[in-house]
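Chemist: Just passing along the structure, written as structure tokens.
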Amino acid sequence: MKRILIIFSIVLFTFSCTDTLDVDLEEGTVRLVVEGRLELFKDGSGSGYQSIRLTTTAPYFQNEQVPAATGASVLVRDLGTQQIYQFTESNTEPGIYETQGLVPIVGNEYQLEIEYEGNTYQATDRMLPVADIDRLAQFFKEETIFTDEGIGLELDYEDPTDEVNYYHWQTFRNDTLLVKADVGNQFNLVSSDEFYNGLQVQGFELANDFTFQVGDVALVRQYALSEAAYDYYRNFYEQAVGISPGFGDVVPATLRGNVRNLTDDSLYPLGFFEASEVAQMGITIQ
């Protein structure tokens with residue numbers, strides 16, 4: 001067995017925030033890593049542009065770039081309308097596959113199909129509705145043994161009644177994603193409404209390992225997740241305790257998501273494909 005590192009971007013596509021995973025793979029085994037999220041912004045800010053990132057696992061050495069999976073054929077099928085969207089590889093970013101005009105529909109299922117090096121990969125996820133963010137506010141945080149004093153963020157939202165909901169939050173400071181999977185902090189990143197179904201959630205603290213300064217621009221995105229996506233992110237963050245943006249500690253894990261290799265099950269891929277409605281709100285710190 002050979003010890004291999006893979007670099008997995010937990011923020012998809014737009015921001016280059018990476019976490020380092022430590023995976024035991026057989027000598028010479030190269031697996032496809034899929035990072036795909038279809039997004040529908042509730043505020044109408046989305047243009048229909050969607051992208052999917054494909055990379056591969058490989059022996060990793062310091063400062064070596066994660067290998068891009070180039071030359072793949074990528075499409076997404078809307079299983080409700082049966083419309084097919086072809087993704088084209090970017091001319092400037094190898095391994096990034098893009099399409100225009102794909103505006104997802106809440107309630108529809110979306111199927112990803114990839115042809116890469118003689119293998120066919122497939123994944124399916126349903127786009128679920130997300131609750132609105134009712135309030136995003138700043139508050140002063142006293143210094144503790146874990147954090148410096150500064151300004152924190154909290155939000156309010158109302159969880160829908162009589163249905164199961166799963167959430168994923170991303171917090172940005174001046175366009176930089178803030179992520180730190182630490183003991184307990186994974187609960188500030190993903191959540192199930194098991195214990196607050198149908199309730200008004202008030203003062204939910206976000207990115208509690210980070211602080212903001214006057215003049216910072218804060219942006220919070222609240223994603224609706226399927227149960228499978230929630231389980232995937234929860235497992236990732238639980239296993240990634242101690243990881244921070246950039247090259248941090250390594251984690252013993254093989255993160256298998258919902259992507260299957262239909263040609264050769266033993267050559268299973270890593271990563272996840274999801275479809276998420278997104279509520280977002282931003283403020284400037286005063």
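Chain labels run A, B, ... following the order of the structure tokens; each chain numbers its residues from 1, and ligands are numbered from 1 in the order shown.
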Report as a Markdown table: every residue of stretch 187-283 of chain A with an atom at most 8 Å from stretch 129-133 of chain A, its closest pair of atoms, and their distance in Å to one decimal, counting only C-alpha atoms, with rows sorted by chain and ascending residue number.

Modeler:
```
| residue | atom | partner | partner_atom | distance |
| --- | --- | --- | --- | --- |
| A:Gln222 | CA | A:Val130 | CA | 7.5 |
| A:Tyr223 | CA | A:Val130 | CA | 6.4 |
| A:Ala224 | CA | A:Val130 | CA | 4.8 |
| A:Ser276 | CA | A:Pro129 | CA | 7.8 |
| A:Glu277 | CA | A:Pro129 | CA | 5.7 |
| A:Val278 | CA | A:Val130 | CA | 6.4 |
| A:Ala279 | CA | A:Asp132 | CA | 5.8 |
| A:Gln280 | CA | A:Ile133 | CA | 6.9 |
| A:Met281 | CA | A:Ile133 | CA | 7.0 |
```

Chemist: List as number ranges by chain the protein and nucleic acid residues near stretch 170-178 of chain A, meaning an atom at most 6 Å away when only C-alpha atoms are counted, but skip any in the same chain fewer than 3 places from it.

Modeler: A: 217-221

Chemist: Which residue gives the smallest distance to A:Tyr97 among A:Asp156, A:Asp78, A:Glu109, A:Glu35, with only C-alpha atoms counted?

Modeler: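 The answer is A:Glu35, which sits nearest to A:Tyr97.
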
Chemist: When DSSP is applied to the backbone of this structure, which of stretch 34-155 of chain A are assigned strand (DSSP E)? Write them out as a PyMOL selection string.

Modeler: chain A and resi 34-41+50-56+73-78+84-89+96-99+109-116+119-126+133-141+150-155

Chemist: Next, the residues of the selection above should be written as a PDB file, in the first residue's frame with C-alpha atoms.

Modeler:
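Result written to again33.pdb:
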```
ATOM      1  CA  VAL A  34     -15.805  14.863  -8.737  1.00  0.00           C
ATOM      2  CA  GLU A  35     -16.803  18.252  -7.314  1.00  0.00           C
ATOM      3  CA  GLY A  36     -20.187  19.249  -8.674  1.00  0.00           C
ATOM      4  CA  ARG A  37     -22.905  21.513  -7.393  1.00  0.00           C
ATOM      5  CA  LEU A  38     -25.819  22.948  -9.356  1.00  0.00           C
ATOM      6  CA  GLU A  39     -26.931  26.197  -7.710  1.00  0.00           C
ATOM      7  CA  LEU A  40     -30.208  28.116  -7.809  1.00  0.00           C
ATOM      8  CA  PHE A  41     -30.067  31.453  -5.973  1.00  0.00           C
ATOM      9  CA  GLN A  50     -22.807  26.053 -13.721  1.00  0.00           C
ATOM     10  CA  SER A  51     -19.439  24.317 -13.439  1.00  0.00           C
ATOM     11  CA  ILE A  52     -18.098  20.924 -12.401  1.00  0.00           C
ATOM     12  CA  ARG A  53     -14.514  20.267 -11.381  1.00  0.00           C
ATOM     13  CA  LEU A  54     -12.816  16.973 -12.191  1.00  0.00           C
ATOM     14  CA  THR A  55      -9.432  16.018 -10.787  1.00  0.00           C
ATOM     15  CA  THR A  56      -7.635  12.765 -10.060  1.00  0.00           C
ATOM     16  CA  SER A  73     -17.259  14.183 -21.622  1.00  0.00           C
ATOM     17  CA  VAL A  74     -19.663  15.731 -19.082  1.00  0.00           C
ATOM     18  CA  LEU A  75     -23.414  16.264 -19.194  1.00  0.00           C
ATOM     19  CA  VAL A  76     -26.271  16.856 -16.769  1.00  0.00           C
ATOM     20  CA  ARG A  77     -29.793  15.618 -17.448  1.00  0.00           C
ATOM     21  CA  ASP A  78     -32.868  17.198 -15.858  1.00  0.00           C
ATOM     22  CA  ILE A  84     -29.725  17.594 -21.463  1.00  0.00           C
ATOM     23  CA  TYR A  85     -27.011  20.162 -20.743  1.00  0.00           C
ATOM     24  CA  GLN A  86     -23.571  19.568 -22.203  1.00  0.00           C
ATOM     25  CA  PHE A  87     -20.580  20.844 -20.242  1.00  0.00           C
ATOM     26  CA  THR A  88     -17.486  22.043 -22.090  1.00  0.00           C
ATOM     27  CA  GLU A  89     -13.995  22.070 -20.633  1.00  0.00           C
ATOM     28  CA  ILE A  96     -13.248  22.752 -15.066  1.00  0.00           C
ATOM     29  CA  TYR A  97     -16.315  21.884 -17.158  1.00  0.00           C
ATOM     30  CA  GLU A  98     -18.859  24.654 -17.756  1.00  0.00           C
ATOM     31  CA  THR A  99     -22.291  25.298 -19.185  1.00  0.00           C
ATOM     32  CA  GLU A 109     -33.790  15.478  -9.964  1.00  0.00           C
ATOM     33  CA  TYR A 110     -30.539  16.042 -11.841  1.00  0.00           C
ATOM     34  CA  GLN A 111     -28.304  13.296 -13.152  1.00  0.00           C
ATOM     35  CA  LEU A 112     -24.604  13.796 -13.825  1.00  0.00           C
ATOM     36  CA  GLU A 113     -22.942  11.600 -16.436  1.00  0.00           C
ATOM     37  CA  ILE A 114     -19.189  11.564 -17.062  1.00  0.00           C
ATOM     38  CA  GLU A 115     -17.184   9.622 -19.617  1.00  0.00           C
ATOM     39  CA  TYR A 116     -13.512   9.558 -18.667  1.00  0.00           C
ATOM     40  CA  ASN A 119     -15.208   4.608 -17.655  1.00  0.00           C
ATOM     41  CA  THR A 120     -18.765   5.876 -17.258  1.00  0.00           C
ATOM     42  CA  TYR A 121     -19.624   7.686 -14.016  1.00  0.00           C
ATOM     43  CA  GLN A 122     -23.082   8.689 -12.824  1.00  0.00           C
ATOM     44  CA  ALA A 123     -24.676  10.506  -9.884  1.00  0.00           C
ATOM     45  CA  THR A 124     -28.136  11.861  -9.081  1.00  0.00           C
ATOM     46  CA  ASP A 125     -29.393  14.477  -6.628  1.00  0.00           C
ATOM     47  CA  ARG A 126     -32.698  16.294  -6.115  1.00  0.00           C
ATOM     48  CA  ILE A 133     -32.335  33.999   5.774  1.00  0.00           C
ATOM     49  CA  ASP A 134     -34.467  36.410   7.810  1.00  0.00           C
ATOM     50  CA  ARG A 135     -31.635  38.343   9.458  1.00  0.00           C
ATOM     51  CA  LEU A 136     -27.848  38.524   9.326  1.00  0.00           C
ATOM     52  CA  ALA A 137     -26.260  40.644  12.051  1.00  0.00           C
ATOM     53  CA  GLN A 138     -22.965  41.350  13.731  1.00  0.00           C
ATOM     54  CA  PHE A 139     -22.258  41.075  17.444  1.00  0.00           C
ATOM     55  CA  PHE A 140     -19.239  41.633  19.680  1.00  0.00           C
ATOM     56  CA  LYS A 141     -17.354  38.534  20.834  1.00  0.00           C
ATOM     57  CA  GLY A 150     -13.774  40.780  17.677  1.00  0.00           C
ATOM     58  CA  ILE A 151     -16.968  40.872  15.696  1.00  0.00           C
ATOM     59  CA  GLY A 152     -18.929  37.714  14.961  1.00  0.00           C
ATOM     60  CA  LEU A 153     -21.915  36.887  12.756  1.00  0.00           C
ATOM     61  CA  GLU A 154     -25.298  35.441  13.619  1.00  0.00           C
ATOM     62  CA  LEU A 155     -28.380  34.740  11.551  1.00  0.00           C
TER      63      LEU A 155
END
```

Chemist: Nearest to A:Tyr233 among A:Gln82, A:Asn197, A:Asn258, A:Thr29, with distances taken over only C-alpha atoms: which residue is it?

Modeler: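 Selected residue with least distance to A:Tyr233: A:Asn258.
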
Chemist: Got a sec to tell me which of stretch 45-213 of chain A DSSP assigns to helix (DSSP H, G or I), as a ChimeraX atom specification?

Modeler: /A:185-188

Chemist: Given the choices A:Lys180, A:Pro104, A:Ala228, A:Glu158, which gets closest to A:Val201 if the distance is worked out from only C-alpha atoms?

Modeler: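 Residue with the minimum atom-to-atom distance to A:Val201: A:Glu158.
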